[in-house]
Amino acid sequence: MVALKQARAAPPRTRPARALAFIGFMGAGKSTAARDAARALGVEALDSDRLLEQRLGRPVADVFAEDGEAAFRAAEEQLVCELLDSAAPDSVLALGGGSVLSERVRRALAPHLTVLLDVTAQQAWARVAHGPVRRPLARDEQAFRALHAQRRSLYEDLADAILPALDRGVVARALPALRLLAGAPGGIRMLWAHADSGDYPVFVGQGLLDGGVWPLDRGESRRFCVTDENVAPLYARRLGDVAATVTVAAGESHKTPAAALAVWEALADAAMTRADHVAALGGGVVGDLAGFCAATYQRGVGVVHVPTTLVAQVDSAYGGKTGVDLPRAKNYVGAYHQPAGVVVDPDTLTTLPAPELAAGYAEVVKTALIAGGQLWEQVAAGATVDEATILRCVQTKLGVVAEDERDAGARQVLNLGHTIGHAVETATGYGRYRHGEAVGLGLLAALRLSGQPQLRDRVAELLTAQGLPVRFDGADPAAVAAAVARDKKRVGARVPFVLVAAPGDVRFGADVPTADVLAAIAELAAE
Ligand SMILES: NC(=O)c1ccc[n+]([C@@H]2O[C@H](COP(=O)([O-])OP(=O)(O)OC[C@H]3O[C@@H](n4cnc5c(N)ncnc54)[C@H](O)[C@@H]3O)[C@@H](O)[C@H]2O)c1
């Protein structure tokens with residue numbers, strides 16, 4: 001079943017401003033990040049590796065070689081705990097990559113804001129293999145990669161915030177959001193989304209809607225809430241101080257140019273200016289529509305997404321794709337417009353009707369197929385979707401978008417299951433199937449086209465267990481095929497498909513013979 005449970009026990013409590021403690025694997029750039037943050041905050045960075053070398057009077061590599069790893073870890077634990085126990089609010093620390101293996105260090109970290117600098121094994125190896133520092137655990141690439149895989153979830157579980165170790169500027173850009181997080185109730189996590197046209201924080205935590213964490217300064221930019229008729233009575237008031245609320249009719253059939261016009265007019269009537277921003281409160285329909293209106297109103301105003309469906313929390317709120325449908329095809333008119341931030345309160349899913357929660361599950365399965373690894377293993381085993389699952393899905397999507405914001409290549413993997421899924425939605429008039437339901441059908445078709453019968457069977461079982469359809473009715477297969485041919489991703493006469501070589505190995509741009517596409521659609525059509 002899809003059900004929400006809290007990922008980690010974190011009683012809501014207001015913490016005082018906390019010290020920033022950077023953690024992460026070798027080569028993530030923790031020392032540099034800490035120096036950058038410290039400079040911006042006007043304090044001095046404390047680097048545990050450097051301080052340990054001073055205390056022991058030798059380089060780390062020598063301590064390892066002469067005294068052994070156990071002796072090094074004991075000395076490191078002692079020093080890091082001293083640093084953490086005496087750290088003042090607003091101080092900045094960089095902790096040795098292996099220090100968090102110690103239970104005592106993990107306990108000492110609890111009162112502070114733990115910031116993971118996330119680096120892939122490949123990036124880390126590239127940085128350390130030929131770097132100036134001798135690192136005892138970076139001699140053999142295989143062993144290095146294995147250690148990275150082993151430590152990854154430990155780091156992620158500890159982190160209040162995860163920043164991609166992309167470039168030096170990221171820490172300075174993320175600092176205002178980190179400070180916001182440092183003053184917020186415990187249990188809230190922050191991910192940092194990067195795209196070429198801008199980056200932004202994603203806050204995730206139960207109770208966030210009431211928590212006052214907002215990515216934009218409300219004193220400088222007024223909020224204009226765009227929501228739908230179902231969500232408005234449930235959550236609009238909880239957004240707090242808004243200049244005006246624009247409520248649209250709910251559902252995909254209202255993600256139209258006419259609805260966009262109504263929103264533009266309402267924002268203009270409410271005297272919204274370019275200094276103000278939109279708060280898109282709702283599911284993917286509201287997010288796409290309000291995001292599109294924000295992208296175009298007075299040539300573009302900011303938007304903060306507050307997703308309230310599972311589809312929106314795991315997928316649609318991130319990445320900046322906005323738009324509306326035309327009768328002939330989905331998402332035919334739109335714009336890329338990255339949000340100023342995303343505020344995800346998984347508590348809002350408690351009011352989501354079960355079929356909508358199930359529809360979101362199809363996007364979870366899609367994301368897990370793209371991610372592979374731990375996320376796929378959990379989903380394939382039928383695990384409950386919880387806050388941790390949402391976080392992993394968000395990380396997956398953000399990772400893909402960071403590589404390719406504008407769908408020129410890698411981002412197309414996110415379209416897995418969407419080519420035939422969108423065509424089912426179009427051919428059935430956007431009213432018969434929820435987007436997630438159609439994506440589930442599209443996934444089955446994509447897995448057939450991928451020559452993955454066993455994976456297709458497993459996904460069909462997962463979808464069926466959620467009450468999701470594994471066959472469609474209400475449309476002629478020929479109409480679905482015609483809608484595939486009009487897919488907006490077509491290049492000339494060719495529609496590229498996203499196929500699955502294995503979970504975690506999803507490839508885009510595949511040429512698929514028309515006969516195979518027709519057969520995959522026919523297989524899905526109810527007898
Ligand atoms: N931009 C992207 O990258 C992207 C990605 C995936 C999907 N999408 C789009 O997302 C849309 C589908 O989104 P969706 O599945 O969220 O549908 P939706 O927005 O229509 O929401 C589903 C229903 O749930 C109601 N609802 C929303 N939150 C609720 C809550 N917390 N409690 C009770 N009811 C609630 C809504 O009023 C609606 O009736 C599609 O248009 C799809 O194209 C966009």
# chains A, B, ... in the order shown; residues from 1 in each chain; ligands from 1
$ residues_near_ligand --ligand "ligand 1" --cutoff "7 Å" --atoms "only C-alpha atoms and all ligand atoms" --output "MDAnalysis selection string"
chainID A and resid 228:231 250:252 255 282:286 288 308:312 315:322 331 348:353 356 359:360 434:436
$ write_last_selection --atoms "N, CA and C atoms" --output "compact mmCIF listing (two decimals), in the first residue's frame"
# COMPACT_ATOMS: atom_id res chain seq x y z
N ASP A 228 -6.32 25.04 -6.63
CA ASP A 228 -7.56 24.59 -7.27
C ASP A 228 -8.67 24.44 -6.24
N GLU A 229 -9.86 24.18 -6.74
CA GLU A 229 -11.05 24.20 -5.88
C GLU A 229 -11.04 23.13 -4.80
N ASN A 230 -10.29 22.03 -5.00
CA ASN A 230 -10.23 20.99 -3.96
C ASN A 230 -9.20 21.34 -2.89
N VAL A 231 -8.10 21.92 -3.34
CA VAL A 231 -6.99 22.17 -2.42
C VAL A 231 -7.25 23.44 -1.60
N ALA A 250 -10.50 22.14 -10.79
CA ALA A 250 -9.51 21.06 -10.62
C ALA A 250 -9.51 20.12 -11.81
N GLY A 251 -8.36 19.55 -12.06
CA GLY A 251 -8.28 18.44 -13.01
C GLY A 251 -7.60 18.79 -14.32
N GLU A 252 -7.09 17.73 -14.96
CA GLU A 252 -6.32 17.88 -16.20
C GLU A 252 -7.10 18.60 -17.29
N LYS A 255 -6.32 22.18 -17.50
CA LYS A 255 -4.94 22.68 -17.71
C LYS A 255 -4.88 23.21 -19.14
N GLY A 282 -0.85 22.94 -4.93
CA GLY A 282 -1.72 21.89 -5.48
C GLY A 282 -0.93 20.78 -6.13
N GLY A 283 -1.60 20.05 -6.98
CA GLY A 283 -0.97 18.94 -7.68
C GLY A 283 -0.24 19.41 -8.93
N GLY A 284 0.05 18.46 -9.80
CA GLY A 284 0.81 18.77 -11.00
C GLY A 284 0.07 19.69 -11.95
N VAL A 285 -1.26 19.62 -11.93
CA VAL A 285 -2.03 20.49 -12.84
C VAL A 285 -1.85 21.95 -12.41
N VAL A 286 -2.04 22.21 -11.13
CA VAL A 286 -1.84 23.57 -10.62
C VAL A 286 -0.39 24.00 -10.83
N ASP A 288 1.85 23.02 -13.08
CA ASP A 288 2.16 23.31 -14.49
C ASP A 288 1.49 24.61 -14.95
N THR A 308 1.04 19.21 -3.48
CA THR A 308 0.17 18.52 -2.50
C THR A 308 -0.29 17.14 -2.97
N THR A 309 0.20 16.69 -4.13
CA THR A 309 -0.10 15.30 -4.54
C THR A 309 1.23 14.54 -4.60
N LEU A 310 1.12 13.22 -4.66
CA LEU A 310 2.35 12.42 -4.73
C LEU A 310 3.05 12.66 -6.07
N VAL A 311 2.26 12.77 -7.15
CA VAL A 311 2.86 13.07 -8.47
C VAL A 311 3.70 14.34 -8.38
N ALA A 312 3.13 15.35 -7.76
CA ALA A 312 3.82 16.64 -7.70
C ALA A 312 5.01 16.59 -6.74
N ASP A 315 7.76 14.45 -8.49
CA ASP A 315 8.16 14.70 -9.86
C ASP A 315 7.89 16.12 -10.36
N SER A 316 6.59 16.48 -10.48
CA SER A 316 6.30 17.64 -11.33
C SER A 316 6.74 18.99 -10.75
N ALA A 317 6.94 19.07 -9.43
CA ALA A 317 7.28 20.37 -8.85
C ALA A 317 8.72 20.81 -9.14
N TYR A 318 9.54 19.90 -9.65
CA TYR A 318 10.96 20.20 -9.85
C TYR A 318 11.31 20.23 -11.33
N GLY A 319 12.27 21.03 -11.66
CA GLY A 319 12.81 20.95 -13.02
C GLY A 319 12.33 22.04 -13.94
N GLY A 320 11.31 22.81 -13.52
CA GLY A 320 10.95 24.01 -14.26
C GLY A 320 10.15 23.83 -15.52
N LYS A 321 9.62 22.62 -15.77
CA LYS A 321 8.76 22.49 -16.95
C LYS A 321 7.36 22.95 -16.57
N THR A 322 6.83 23.89 -17.32
CA THR A 322 5.49 24.39 -17.05
C THR A 322 4.71 24.36 -18.35
N ASN A 331 0.61 19.20 -22.98
CA ASN A 331 1.76 20.07 -22.70
C ASN A 331 2.32 20.71 -23.97
N THR A 348 0.34 16.73 3.64
CA THR A 348 -0.79 17.08 2.77
C THR A 348 -1.32 15.83 2.04
N LEU A 349 -0.49 14.80 1.96
CA LEU A 349 -0.94 13.59 1.25
C LEU A 349 -2.00 12.83 2.04
N THR A 350 -2.16 13.18 3.31
CA THR A 350 -3.14 12.43 4.11
C THR A 350 -4.57 12.72 3.64
N THR A 351 -4.78 13.85 2.96
CA THR A 351 -6.14 14.15 2.48
C THR A 351 -6.31 13.76 1.01
N LEU A 352 -5.26 13.25 0.41
CA LEU A 352 -5.33 12.93 -1.02
C LEU A 352 -6.16 11.66 -1.21
N PRO A 353 -7.16 11.69 -2.10
CA PRO A 353 -7.95 10.48 -2.33
C PRO A 353 -7.05 9.32 -2.77
N GLU A 356 -5.69 8.98 -6.27
CA GLU A 356 -4.66 9.96 -6.63
C GLU A 356 -3.30 9.55 -6.05
N ALA A 359 -2.04 6.93 -8.27
CA ALA A 359 -1.53 7.48 -9.53
C ALA A 359 -0.10 8.00 -9.33
N GLY A 360 0.16 8.59 -8.18
CA GLY A 360 1.50 9.07 -7.88
C GLY A 360 2.49 7.92 -7.77
N ARG A 434 -6.15 9.32 -14.94
CA ARG A 434 -5.25 10.28 -14.28
C ARG A 434 -3.89 10.19 -14.96
N HIS A 435 -3.11 11.27 -14.86
CA HIS A 435 -1.79 11.29 -15.50
C HIS A 435 -0.97 10.09 -15.03
N GLY A 436 -0.94 9.86 -13.72
CA GLY A 436 -0.13 8.76 -13.17
C GLY A 436 -0.60 7.41 -13.68
$ select_by_dssp --residues "region 13-225 of chain A" --states "strand (DSSP E)" --output "ChimeraX atom specification"
/A:20-23,45-47,92-94,113-118,161-164,189-195,198-204,223-225
$ write_last_selection --atoms "N, CA, C and O atoms" --output "compact mmCIF listing (two decimals), in the first residue's frame"
# COMPACT_ATOMS: atom_id res chain seq x y z
N LEU A 20 27.09 25.00 11.35
CA LEU A 20 27.03 24.25 10.09
C LEU A 20 28.17 23.25 10.09
O LEU A 20 29.34 23.64 10.21
N ALA A 21 27.84 21.96 9.93
CA ALA A 21 28.89 20.93 9.89
C ALA A 21 28.83 20.25 8.53
O ALA A 21 27.83 19.62 8.18
N PHE A 22 29.89 20.42 7.76
CA PHE A 22 29.94 19.80 6.43
C PHE A 22 30.48 18.38 6.55
O PHE A 22 31.53 18.15 7.16
N ILE A 23 29.72 17.45 5.96
CA ILE A 23 30.17 16.06 5.92
C ILE A 23 30.17 15.60 4.46
O ILE A 23 29.62 16.28 3.59
N ALA A 45 36.63 28.96 9.69
CA ALA A 45 36.24 27.56 9.50
C ALA A 45 37.14 26.65 10.32
O ALA A 45 38.35 26.88 10.42
N LEU A 46 36.55 25.61 10.91
CA LEU A 46 37.33 24.62 11.66
C LEU A 46 37.35 23.33 10.85
O LEU A 46 36.29 22.79 10.52
N ASP A 47 38.55 22.87 10.53
CA ASP A 47 38.69 21.71 9.64
C ASP A 47 39.28 20.56 10.45
O ASP A 47 40.44 20.63 10.90
N VAL A 92 31.37 27.17 11.69
CA VAL A 92 31.38 26.31 10.51
C VAL A 92 32.48 25.27 10.64
O VAL A 92 33.63 25.61 10.93
N LEU A 93 32.11 24.01 10.44
CA LEU A 93 33.08 22.93 10.59
C LEU A 93 33.11 22.06 9.34
O LEU A 93 32.07 21.81 8.73
N ALA A 94 34.30 21.56 9.00
CA ALA A 94 34.42 20.52 7.97
C ALA A 94 34.91 19.27 8.69
O ALA A 94 35.94 19.32 9.37
N LEU A 113 23.52 21.75 12.32
CA LEU A 113 22.95 21.58 10.98
C LEU A 113 23.98 20.82 10.14
O LEU A 113 25.05 21.35 9.85
N THR A 114 23.63 19.61 9.77
CA THR A 114 24.58 18.76 9.06
C THR A 114 24.35 18.90 7.57
O THR A 114 23.25 18.69 7.08
N VAL A 115 25.39 19.31 6.87
CA VAL A 115 25.27 19.59 5.44
C VAL A 115 26.13 18.58 4.67
O VAL A 115 27.35 18.56 4.83
N LEU A 116 25.49 17.75 3.88
CA LEU A 116 26.22 16.77 3.07
C LEU A 116 26.60 17.40 1.74
O LEU A 116 25.75 17.93 1.01
N LEU A 117 27.87 17.35 1.42
CA LEU A 117 28.30 17.73 0.07
C LEU A 117 28.30 16.44 -0.73
O LEU A 117 29.13 15.56 -0.50
N ASP A 118 27.36 16.32 -1.61
CA ASP A 118 27.12 15.06 -2.31
C ASP A 118 27.98 14.99 -3.57
O ASP A 118 27.93 15.86 -4.42
N ALA A 161 20.77 18.86 5.22
CA ALA A 161 20.77 19.49 3.89
C ALA A 161 21.76 18.74 3.00
O ALA A 161 22.79 18.28 3.46
N ILE A 162 21.39 18.62 1.73
CA ILE A 162 22.28 17.97 0.77
C ILE A 162 22.55 18.95 -0.37
O ILE A 162 21.64 19.41 -1.04
N LEU A 163 23.82 19.29 -0.53
CA LEU A 163 24.21 20.18 -1.63
C LEU A 163 25.03 19.38 -2.63
O LEU A 163 25.89 18.60 -2.23
N PRO A 164 24.78 19.55 -3.92
CA PRO A 164 25.64 18.88 -4.89
C PRO A 164 27.02 19.52 -4.88
O PRO A 164 27.13 20.75 -4.85
N ARG A 189 14.22 18.65 5.99
CA ARG A 189 15.40 18.42 5.15
C ARG A 189 15.42 19.41 4.00
O ARG A 189 14.36 19.85 3.54
N MET A 190 16.61 19.69 3.53
CA MET A 190 16.73 20.57 2.36
C MET A 190 17.61 19.91 1.30
O MET A 190 18.69 19.41 1.62
N LEU A 191 17.13 19.90 0.09
CA LEU A 191 17.95 19.48 -1.05
C LEU A 191 18.21 20.73 -1.88
O LEU A 191 17.40 21.67 -1.87
N TRP A 192 19.32 20.72 -2.59
CA TRP A 192 19.62 21.90 -3.40
C TRP A 192 19.52 21.50 -4.86
O TRP A 192 20.18 20.57 -5.32
N ALA A 193 18.61 22.20 -5.58
CA ALA A 193 18.39 21.89 -6.98
C ALA A 193 19.26 22.78 -7.85
O ALA A 193 19.31 24.00 -7.64
N HIS A 194 19.93 22.16 -8.79
CA HIS A 194 20.78 22.96 -9.68
C HIS A 194 20.30 22.82 -11.12
O HIS A 194 20.00 21.72 -11.58
N ALA A 195 20.20 23.93 -11.80
CA ALA A 195 19.93 23.92 -13.24
C ALA A 195 20.71 25.08 -13.83
O ALA A 195 21.05 26.02 -13.11
N GLY A 198 19.41 28.45 -13.07
CA GLY A 198 19.26 28.90 -11.69
C GLY A 198 19.15 27.73 -10.75
O GLY A 198 18.81 26.63 -11.17
N ASP A 199 19.46 27.97 -9.48
CA ASP A 199 19.29 26.89 -8.52
C ASP A 199 18.40 27.35 -7.38
O ASP A 199 18.16 28.55 -7.21
N TYR A 200 17.91 26.40 -6.60
CA TYR A 200 16.90 26.73 -5.60
C TYR A 200 16.82 25.65 -4.55
O TYR A 200 17.20 24.50 -4.79
N PRO A 201 16.31 26.02 -3.36
CA PRO A 201 16.18 25.01 -2.31
C PRO A 201 14.87 24.23 -2.43
O PRO A 201 13.85 24.78 -2.89
N VAL A 202 14.93 22.99 -2.02
CA VAL A 202 13.72 22.17 -1.89
C VAL A 202 13.65 21.76 -0.42
O VAL A 202 14.54 21.07 0.07
N PHE A 203 12.64 22.25 0.28
CA PHE A 203 12.47 21.91 1.69
C PHE A 203 11.45 20.78 1.80
O PHE A 203 10.37 20.86 1.18
N VAL A 204 11.77 19.75 2.55
CA VAL A 204 10.86 18.62 2.70
C VAL A 204 10.69 18.32 4.19
O VAL A 204 11.70 18.13 4.89
N ARG A 223 3.10 37.30 -1.83
CA ARG A 223 2.71 35.99 -2.36
C ARG A 223 1.33 36.04 -2.98
O ARG A 223 0.39 36.55 -2.36
N PHE A 224 1.19 35.46 -4.15
CA PHE A 224 -0.11 35.31 -4.80
C PHE A 224 -0.33 33.82 -4.99
O PHE A 224 0.39 33.18 -5.77
N CYS A 225 -1.29 33.30 -4.26
CA CYS A 225 -1.51 31.85 -4.28
C CYS A 225 -2.38 31.47 -5.47
O CYS A 225 -3.44 32.06 -5.69
$ select_by_dssp --residues "region 130-360 of chain A" --states "helix (DSSP H, G or I)" --output "number ranges by chain"
A: 141-158, 169-182, 208-211, 231-239, 252-254, 257-269, 284-299, 310-316, 346-351, 354-360
$ closest_atom_pairs --of "region 273-304 of chain A" --to "region 235-244 of chain A" --cutoff "12 Å" --atoms "only C-alpha atoms" --output "Markdown table"
| residue | atom | partner | partner_atom | distance |
| --- | --- | --- | --- | --- |
| A:Thr273 | CA | A:Ala243 | CA | 11.2 |
| A:Asp276 | CA | A:Ala243 | CA | 9.4 |
| A:His277 | CA | A:Ala243 | CA | 10.0 |
| A:Val278 | CA | A:Val242 | CA | 9.7 |
| A:Ala279 | CA | A:Leu239 | CA | 8.8 |
| A:Ala280 | CA | A:Ala236 | CA | 10.3 |
| A:Leu281 | CA | A:Ala236 | CA | 7.5 |
| A:Gly282 | CA | A:Tyr235 | CA | 9.0 |
| A:Val304 | CA | A:Leu239 | CA | 11.5 |
$ atom_distance --atom1 "CA of Ala525 (chain A)" --atom2 "CA of Ala502 (chain A)"
25.4 Å
